[in-house]
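Undergrad: One structure is given below, represented as structure tokens, and several questions about it will come after.
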Amino acid sequence: MDELRVLDLFSGGGGSSYGARAAGARVVAGVDGWAVASRTFGLNFPGALALNHMLGGEVVHPAILGLGKIDLLLASPECTNHTCARGARPKSEESQMTAWQVLHHARVLQPRWIVIENVVQMKSWKRFREFEQELLALDYNIWPYVLDASDFGVPQSRRRLFIICTRDDKVVNLRLPDRPYRTVRQILDPHGTWATSLLRAPRRAEPTLERAERAIAAIGPNTPFLLVYYGSDAAGGWQELDRPLRTMTTLDRFALVEPGPQGHKMRMLQVPELRRAMGFGEDYRFGFGNRRDHVKLLGNGVCPPVMEHIVATLTETVRTKQRVKPQPRIGYMTARAPGPLPGVSDWAPAGLSL
């Protein structure tokens, strides 16, 4: 097919765009309201427009209108007011309504394809059905998938909702790739690269020590492990290294604990390691902001290998002849094992394995 031109809304540092580019697409622009994110996007996509702009209302920025034809619209609307990570804190409808920006831009730009990424909990948003119907009214077929990044060779367990929208009359037959299963151990820098401190330091928080003691009791005193902060403690607040990293967030969440002659030592995972855990290559750069900003950028991001596979699948549909039945126009699919993914006739929340 001809050159695939991509616009990335709510682009962050460009995880979706990084994946689309790896699939052969040309990223022409990314839009984000956070200056650090936009500048990072511009650094990593020097040939694209990096627009620092807070999307709102029903007006498409003139700079976007001047881009010419857009074939693929990528969008990761704000997710913090959908995710269960907020706990019982009240959710902002204004934040949730950033998803409507996808509709505004789709009406004006009329891309052939749209891929929307968000947390799985977006499906329970009270206006999700309405959002879905608006996409149908724009003449898109809708294929929602729940995908775990660890199934795509990413060393992180990260389940996200991907809503694939097409104007083609062809099935989006997304199949899991045959990629090796990757673990925490594979993202770690060599021993001694980063400074460490004693785990049982005088001012160490008691809950931290309790997590560590649970881990040591389970796997023994001579095995390294990760402490896990700011999340569910269902797994005891720690994890082994021979499995994918638990889901990254916007906060410093993981500390490596290793045995040593003077006792266990610990350090937080560093940005290069977290970058690998998201599936970025070593060429991805951070030229702006501080460590906290970099962790936030990564924690808010999209794992590039997942988007690469989606975009490659979309371009492959152009060369196939499998067609969608006229009704229904919404397929629901979830991926948990390699091979073809099952579909049902409509959006089925009960089918999700949360």
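Residue names in the structure tokens use chain letters A, B, ... in the order shown, residue numbers from 1 in each chain, and ligand numbers from 1 in the order shown.
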Could you list, as a PyMOL selection string, every residue within 8 Å of A:Val31, counting only C-alpha atoms and ignoring same-chain residues fewer than 2 positions away?
TA: chain A and resi 8-12+29+33+38+50-53
Undergrad: Contacts between stretch 176-190 of chain A and stretch 214-246 of chain A, please, where a residue of stretch 214-246 of chain A counts if it comes within 7 Å (with only C-alpha atoms); show its shortest atom pair and distance in Å to one decimal, rows by chain and ascending number, as CSV.
TA:
```
residue,atom,partner,partner_atom,distance
A:Leu241,CA,A:Val184,CA,5.0
A:Asp242,CA,A:Thr183,CA,5.4
A:Arg243,CA,A:Thr183,CA,4.5
A:Pro244,CA,A:Thr183,CA,4.2
A:Leu245,CA,A:Val184,CA,5.5
```
Undergrad: Go ahead and write the selection's residues with N, CA and C atoms as a tab-separated table (two decimals), in the first residue's frame.
TA:
```tsv
chain	number	residue	atom	x	y	z
A	241	LEU	N	11.99	-12.27	39.85
A	241	LEU	CA	12.58	-11.67	38.66
A	241	LEU	C	12.32	-12.47	37.40
A	242	ASP	N	11.92	-13.71	37.53
A	242	ASP	CA	11.73	-14.57	36.36
A	242	ASP	C	10.29	-14.56	35.86
A	243	ARG	N	9.71	-13.40	35.85
A	243	ARG	CA	8.38	-13.18	35.29
A	243	ARG	C	8.32	-11.73	34.81
A	244	PRO	N	7.37	-11.36	33.96
A	244	PRO	CA	7.28	-9.97	33.52
A	244	PRO	C	7.04	-9.02	34.69
A	245	LEU	N	7.48	-7.80	34.54
A	245	LEU	CA	7.25	-6.78	35.55
A	245	LEU	C	5.76	-6.55	35.73
```
Undergrad: Rank nothing, just name the residue among A:Phe225, A:Gly299, A:Glu213, A:Phe162 nearest to A:Arg253, using only C-alpha atoms.
TA: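 Going through A:Phe225, A:Gly299, A:Glu213, A:Phe162 one by one, the smallest distance to A:Arg253 is for A:Gly299.
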Undergrad: Which residue is closest to A:Val102? Choose from A:Leu55, A:Met278, A:Met248, A:Ala22 and count only C-alpha atoms.
TA: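 Closest candidate: A:Leu55.
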Undergrad: Run DSSP on the backbone and give me the residues of stretch 65-244 of chain A it puts in helix (DSSP H, G or I), as a ChimeraX atom specification.
TA: /A:65,84-86,93-109,120-124,128-137,149-152,184-186,206-219
Undergrad: Expressed in Å to a single decimal, how great is the separation between atom CA of A:Val171 and atom CA of A:Phe280?
TA: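 Taking atom CA of A:Val171 and atom CA of A:Phe280, their separation equals 28.9 Å.
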Undergrad: Quick check, in Å to one decimal: how far apart do atom CA of A:Thr166 and atom CA of A:Met54 lie?
TA: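 So the two atoms, atom CA of A:Thr166 and atom CA of A:Met54, lie 26.3 Å apart.
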Undergrad: May I ask which of the residues A:Ser157, A:Ser76, A:Thr317, A:Asn141 is the closest one to A:Ile116, counting only C-alpha atoms?
TA: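 Among A:Ser157, A:Ser76, A:Thr317, A:Asn141, it is A:Ser76 that comes nearest to A:Ile116.
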Undergrad: Determine, counting only C-alpha atoms, which protein, DNA and RNA residues have an atom within 10 Å of an atom of A:Leu109; residues of the same chain fewer than 2 positions away are not included. Present the result as a list in words.
TA: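 The filter keeps Leu7, Val60, Ile64, Leu65, Leu67, Gly68, Lys69, Ile70, Asp71, Leu72, Leu73, Leu103, His104, His105, Ala106, Arg107, Pro111 and Arg112 of chain A.
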Undergrad: Find the distance between atom CA of A:Leu274 and atom CA of A:Ala20 and write it in Å to one decimal.
TA: 20.4 Å
Undergrad: I'd like the neighbourhood of A:Lys296 as a list of chain:residue names, where a residue qualifies if any of its atoms comes within 8 Å (using only C-alpha atoms), though same-chain residues fewer than 6 positions away should be ignored.
TA: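 These residues fall inside the cut-off: A:Thr249, A:Thr250, A:Leu251.
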Undergrad: Taking only C-alpha atoms into account, which of A:Arg159, A:Arg26, A:Arg200, A:Lys170 comes nearest A:Met266?
TA: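 Using only C-alpha atoms, A:Met266 sits closest to A:Arg200.
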Undergrad: Out of stretch 130-255 of chain A, which residues get strand (DSSP E or B) from DSSP, as a compact mmCIF listing (two decimals) with N, CA and C atoms, in the first residue's frame?
TA:
```
# COMPACT_ATOMS: atom_id res chain seq x y z
N ASN A 141 -16.40 0.28 11.48
CA ASN A 141 -16.54 -1.00 12.16
C ASN A 141 -15.63 -0.97 13.38
N ILE A 142 -16.04 -1.60 14.47
CA ILE A 142 -15.33 -1.49 15.74
C ILE A 142 -14.90 -2.87 16.20
N TRP A 143 -13.62 -2.97 16.56
CA TRP A 143 -13.04 -4.23 17.03
C TRP A 143 -12.29 -3.96 18.33
N PRO A 144 -12.94 -4.07 19.48
CA PRO A 144 -12.25 -3.86 20.76
C PRO A 144 -11.47 -5.12 21.18
N TYR A 145 -10.24 -4.93 21.56
CA TYR A 145 -9.41 -6.02 22.05
C TYR A 145 -8.87 -5.66 23.44
N VAL A 146 -8.79 -6.64 24.32
CA VAL A 146 -8.04 -6.50 25.56
C VAL A 146 -6.74 -7.28 25.39
N LEU A 147 -5.62 -6.58 25.42
CA LEU A 147 -4.33 -7.17 25.12
C LEU A 147 -3.37 -6.99 26.28
N ASP A 148 -2.59 -8.03 26.54
CA ASP A 148 -1.55 -7.97 27.57
C ASP A 148 -0.21 -7.83 26.87
N GLN A 156 6.66 -6.93 30.61
CA GLN A 156 5.75 -6.28 31.56
C GLN A 156 4.34 -6.84 31.38
N ARG A 159 -2.18 -5.00 30.85
CA ARG A 159 -3.41 -5.24 30.10
C ARG A 159 -4.08 -3.92 29.79
N ARG A 160 -4.39 -3.72 28.50
CA ARG A 160 -5.00 -2.48 28.06
C ARG A 160 -6.07 -2.78 27.01
N LEU A 161 -7.02 -1.87 26.92
CA LEU A 161 -8.06 -1.93 25.92
C LEU A 161 -7.59 -1.21 24.67
N PHE A 162 -7.69 -1.87 23.53
CA PHE A 162 -7.39 -1.27 22.24
C PHE A 162 -8.66 -1.36 21.38
N ILE A 163 -9.22 -0.22 21.03
CA ILE A 163 -10.42 -0.18 20.20
C ILE A 163 -9.96 0.13 18.78
N ILE A 164 -10.04 -0.87 17.92
CA ILE A 164 -9.59 -0.73 16.54
C ILE A 164 -10.82 -0.41 15.69
N CYS A 165 -10.78 0.70 14.97
CA CYS A 165 -11.90 1.16 14.17
C CYS A 165 -11.47 1.22 12.71
N THR A 166 -12.26 0.63 11.84
CA THR A 166 -11.90 0.58 10.42
C THR A 166 -13.08 0.98 9.55
N LYS A 170 -13.43 -5.44 6.01
CA LYS A 170 -12.60 -6.62 6.24
C LYS A 170 -12.43 -6.86 7.74
N ARG A 175 -3.93 -11.64 15.51
CA ARG A 175 -3.36 -12.87 16.07
C ARG A 175 -2.14 -12.51 16.91
N LEU A 176 -1.95 -13.24 17.99
CA LEU A 176 -0.79 -12.98 18.83
C LEU A 176 0.49 -13.38 18.11
N SER A 197 21.65 0.90 48.59
CA SER A 197 21.71 1.18 50.03
C SER A 197 21.26 -0.07 50.77
N LEU A 198 21.61 -0.16 52.03
CA LEU A 198 21.21 -1.32 52.83
C LEU A 198 19.69 -1.37 52.98
N PHE A 225 15.01 -10.11 44.31
CA PHE A 225 13.59 -9.96 44.02
C PHE A 225 13.26 -8.48 43.91
N LEU A 226 12.03 -8.17 43.54
CA LEU A 226 11.55 -6.80 43.49
C LEU A 226 10.56 -6.53 44.60
N LEU A 227 10.70 -5.37 45.23
CA LEU A 227 9.63 -4.85 46.08
C LEU A 227 8.70 -4.02 45.21
N VAL A 228 7.40 -4.10 45.50
CA VAL A 228 6.39 -3.41 44.71
C VAL A 228 5.64 -2.43 45.59
N TRP A 238 5.68 -7.92 46.60
CA TRP A 238 6.96 -8.23 45.99
C TRP A 238 6.72 -9.15 44.80
N GLN A 239 7.74 -9.33 43.96
CA GLN A 239 7.64 -10.28 42.87
C GLN A 239 9.01 -10.85 42.54
N LEU A 245 7.48 -7.80 34.54
CA LEU A 245 7.25 -6.78 35.55
C LEU A 245 5.76 -6.55 35.73
N PHE A 254 9.04 0.29 41.81
CA PHE A 254 9.75 -0.98 41.93
C PHE A 254 11.17 -0.78 42.46
N ALA A 255 11.53 -1.59 43.45
CA ALA A 255 12.88 -1.58 43.99
C ALA A 255 13.48 -2.97 43.87
```
Undergrad: Can you work out which one of A:Phe45, A:Trp113, A:Tyr230, A:Tyr18 has the shortest atom-to-atom distance to A:Leu135, counting only C-alpha atoms?
TA: A:Trp113
Undergrad: Please list as a list in words every residue within 9 Å of A:Gly19, counting only C-alpha atoms and excluding residues in the same chain fewer than 6 positions away.
TA: Ala25, Phe280, Val302, Cys303, Pro304, Pro305, Val306, Met307, Glu308, His309, Ile310 and Val311 of chain A
Undergrad: Here is a test: counting only C-alpha atoms, which residue of A:Leu43, A:Leu174, A:Ala48, A:Ala205 is nearest to A:Val28?
TA: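 The answer is A:Ala48, which sits nearest to A:Val28.
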